[in-house]
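Chemist: Here you go, one structure.
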Amino acid sequence: MAAKKKVMDRVLTLELVRVTERAAIAAAMMRGRGDEKAADQAAVDAMRNELNRLEIRGQVVIGEGERDEAPMLYIGEKVGAGKGPELDIALDPLEGTTICAKNLPNALAVIALTHRGGLLNAPDVYMDKIAVGPGFPDELVDLEMPPQEAIKRVATEKGVKPHQVSACILDRPRHAKLIEAVRKTGCAIRLIGDGDVAGIIHATDPETTGIDIYLGVGGAPEGVLAAAAQRCIGGQMQGRLILDTDEKRARAERMGIDDPSRIYSTEDMASGDVLFSATGVTDGNLLDGVRFGHGVTTTHTIVTRSHTGTQRWVRTRHQVGETFEFVD
Ligand code: VTB
């Protein structure tokens with residue numbers, strides 16, 4: 001029997017913008033200061049305050065870490081005003097703490113909401129990921145095929161040569177072989193220091209970002225957040241947890257993962273009516289960073305919803321006055 005389709009109250013879409021805007025502004029006040037922890041803390045505090053104003057009964061599924069290691073926005077924390085729909089939440093108040101501390105491109109404040117049970121409870125381990133944007137035939141690329149094959153398929157579908165395709169990969173020693181294999185095809189690689197949520201979102205809009213495909217191993221929680229974005233924007237993504245020790249396998253099992261080698265589709269990681277919002281902290285390829293002006297702070301956000309596929313690009317001018325107090 002088909003499950004009853006649960007649809008979010010669309011008013012929440014704009015509420016979510018407020019949540020990532022506040023987190024991004026708080027992080028941006030700390031950007032470029034070389035202090036990752038302080039930037040992260042500021043973003044966490046701001047996001048939590050704003051989330052607790054929403055009329056939802058939310059539960060953090062992907063958050064700042066386990067309860068004993070994260071005082072706020074930990075996995076399992078209840079958030080929201082305590083009335084309204086029961087929702088699961090994936091969040092990263094500052095995705096790219098190092099990027100923010102160095103004021104490099106593409107640090108984001110991100111959040112995704114869906115119905116209870118709609119997000120993969122991913123442990124904080126690595127995940128192998130592959131993603132392309134919308135407009136390609138289903139199952140064009142997957143994690144089982146050699147990366148060279150994935151690049152060739154993207155090239156063929158776009159009607160270009162492999163050397164005209166661009167891939168985004170985290171710049172890590174663990175990717176040496178992957179990078180070598182992809183370079184053999186002639187494909188251009190954009191190596192990023194951090195921030196694979198942004199990297200995967202970039203693959204959804206190659207015309208703007210110049211990125212056609214995302215490949216490689218990053219954090220599993222970031223994988224779920226990226227999958228939520230992909231669900232809304234319509235791209236394809238696969239993820240496979242890297243559970244290479246008994247300890248990690250046991251941890252995953254405790255979180256309900258019974259098949260350690262399972263390949264997750266976008267929908268396996270984020271199902272139902274998903275809402276996703278990301279605000280730029282530092283300037284990026286898709287989103288501008290926060291701008292501080294005379295009594296006005298400007299933010300740039302993408303907010304999207306899987307039920308309709310609508311994407312809103314929201315540029316907000318916050319009247320903050322000289323004291324930097326928000327008028328609520
Ligand atoms: C990525 C990236 C994050 O962690 O998931 C990455 O999105 C993976 O972990 O911004 P390693 O740094 O251990 O490679 C981040 O870079 C955050 O640390």
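Labeling convention for the structure tokens: chains A, B, ... as they appear, residues from 1 per chain, ligands from 1 in order of appearance.
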Could you list, as a list of chain:residue names, all the residues within 9 Å of ligand 1, counting only C-alpha atoms and all ligand atoms?

Modeler: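 Residues lying within 9 Å of ligand 1: A:Leu94, A:Glu95, A:Gly96, A:Thr97, A:Thr98, A:Ile99, A:Ala107, A:Val125, A:Tyr126, A:Met127, A:Leu170, A:Asp171, A:Arg172, A:Pro173, A:Arg174, A:Gly193, A:Asp194, A:Gly195, A:Asp196, A:Val197, A:Ala198, A:Gly199, A:Val217, A:Gly218, A:Gly219, A:Ala220, A:Pro221, A:Glu222, A:Gly223.
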
Chemist: Could you pull out the strand (DSSP E or B) residues of range 208-285 of chain A, going by DSSP on the backbone, and write them as a list in words?

Modeler: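 Going through range 208-285 of chain A, the strand (DSSP E or B) residues come out as Ile213, Tyr214, Leu215, Gly216, Val217, Gly218, Gly219, Gln236, Met237, Gln238, Gly239, Arg240, Leu241, Ile242, Ile263, Tyr264, Ser265, Ala270, Leu275, Phe276, Ser277, Ala278, Thr279 and Gly280 of chain A.
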
Chemist: Using only C-alpha atoms, which of the listed residues (A:Ala250, A:Ala70, A:Leu287, A:Ala227) sits closest to Asp205 in chain A?

Modeler: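 For Asp205 in chain A, the nearest of the candidates is A:Leu287.
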
Chemist: Which neighbours of range 290-294 of chain A fall inside 8 Å, counting only C-alpha atoms, when residues of the same chain fewer than 5 positions from it are skipped, and could you give them as a PDB file with C-alpha atoms, in the first residue's frame?

Modeler:
ATOM      1  CA  ALA A  24      25.632  32.738   8.377  1.00  0.00           C
ATOM      2  CA  ILE A  25      25.721  36.265   9.773  1.00  0.00           C
ATOM      3  CA  ALA A  28      30.631  35.850   9.030  1.00  0.00           C
ATOM      4  CA  GLY A 280      26.588  31.897   1.957  1.00  0.00           C
ATOM      5  CA  VAL A 281      29.027  32.826   4.718  1.00  0.00           C
ATOM      6  CA  THR A 282      32.010  33.576   2.495  1.00  0.00           C
ATOM      7  CA  ASP A 283      31.726  34.438  -1.187  1.00  0.00           C
ATOM      8  CA  THR A 299      22.712  37.761   2.922  1.00  0.00           C
ATOM      9  CA  HIS A 300      22.259  35.452  -0.048  1.00  0.00           C
ATOM     10  CA  GLY A 321      21.446  49.667  12.882  1.00  0.00           C
ATOM     11  CA  GLU A 322      24.740  50.768  14.380  1.00  0.00           C
TER      12      GLU A 322
END

Chemist: Using only C-alpha atoms, which protein or nucleic acid residues come within 6 Å of range 52-68 of chain A? Drop anything in the same chain fewer than 5 positions from it, and give the result as a PyMOL selection string.

Modeler: chain A and resi 73-91+221

Chemist: Rank nothing, just name the residue among A:Ala27, A:Ile211, A:Ala252, A:Ala228 nearest to Ser306 in chain A, using only C-alpha atoms.

Modeler: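 So, comparing all the options, the nearest one is A:Ala228.
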
Chemist: Taking the backbone alone, and naming residues the way the document does, which bits of range 33-272 of chain A are alpha helix (DSSP H) by DSSP, as a count of residues only?

Modeler: 81

Chemist: What's the separation between CA of Val141 in chain A and CA of Arg312 in chain A, in Å to one decimal place?

Modeler: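 Straight-line distance from CA of Val141 in chain A to CA of Arg312 in chain A works out to 27.7 Å.
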
Chemist: So what do you get for CA of Gln236 in chain A versus CA of Ile179 in chain A, distance-wise?

Modeler: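 These atoms are spaced 21.1 Å apart.
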
Chemist: Measuring atom to atom with only C-alpha atoms, identify which of A:Asp273, A:Asp128, A:Asp92, A:Asp246 is nearest to Asp45 in chain A.

Modeler: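 Among the listed residues, the smallest separation from Asp45 in chain A belongs to A:Asp92.
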
Chemist: Tell me which protein, DNA and RNA residues are within 7 Å of range 6-13 of chain A, counting only C-alpha atoms, leaving out same-chain ones fewer than 5 positions away, and put them as a list in words.

Modeler: Gly272, Asp273, Leu275 and Val303 of chain A

Chemist: Have a look at CA of Met30 in chain A and CA of Ala42 in chain A and let me know their distance in Å, one decimal.

Modeler: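 So the two atoms, CA of Met30 in chain A and CA of Ala42 in chain A, lie 7.9 Å apart.
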
Chemist: Give me the residues within 9 Å of Gly118 in chain A as an MDAnalysis selection string, counting only C-alpha atoms and dropping any in the same chain fewer than 2 places off.

Modeler: chainID A and resid 87:88 113:116 120 267:274

Chemist: Go through A:Pro260, A:Gly133, A:Pro71, A:Gly32 one by one, measure the shortest atom-to-atom distance of each to Gly210 in chain A using only C-alpha atoms, and give the residue with the smallest value.

Modeler: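 Closest to Gly210 in chain A of all the choices is A:Gly133.
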
Chemist: Given the choices A:Ala229, A:Ala181, A:Met145, A:Ala39, which gets closest to Arg305 in chain A if the distance is worked out from only C-alpha atoms?

Modeler: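 Going through A:Ala229, A:Ala181, A:Met145, A:Ala39 one by one, the smallest distance to Arg305 in chain A is for A:Ala229.
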
Chemist: I'd like the neighbourhood of Val165 in chain A as JSON, numbers by chain, where a residue qualifies if any of its atoms comes within 7 Å (using only C-alpha atoms), though same-chain residues fewer than 3 positions away should be ignored.

Modeler: {"A": [155, 162, 187, 188, 212]}

Chemist: Compare A:Tyr214, A:Tyr264, A:Phe136, A:Phe276 by their minimum atom-to-atom distance to Cys232 in chain A, counting only C-alpha atoms, and give me the closest one.

Modeler: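 Smallest distance to Cys232 in chain A is found for A:Phe276.
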
Chemist: Pull the closest atom pair for each residue of range 63-161 of chain A that gets at most 8 Å from range 182-186 of chain A, along with the distance in Å to one decimal, counting only C-alpha atoms, ordering rows by chain and then ascending residue number, as CSV.

Modeler:
residue,atom,partner,partner_atom,distance
A:Pro147,CA,A:Val182,CA,6.3
A:Gln148,CA,A:Val182,CA,5.6
A:Ile151,CA,A:Val182,CA,7.4
A:Lys152,CA,A:Thr185,CA,7.7
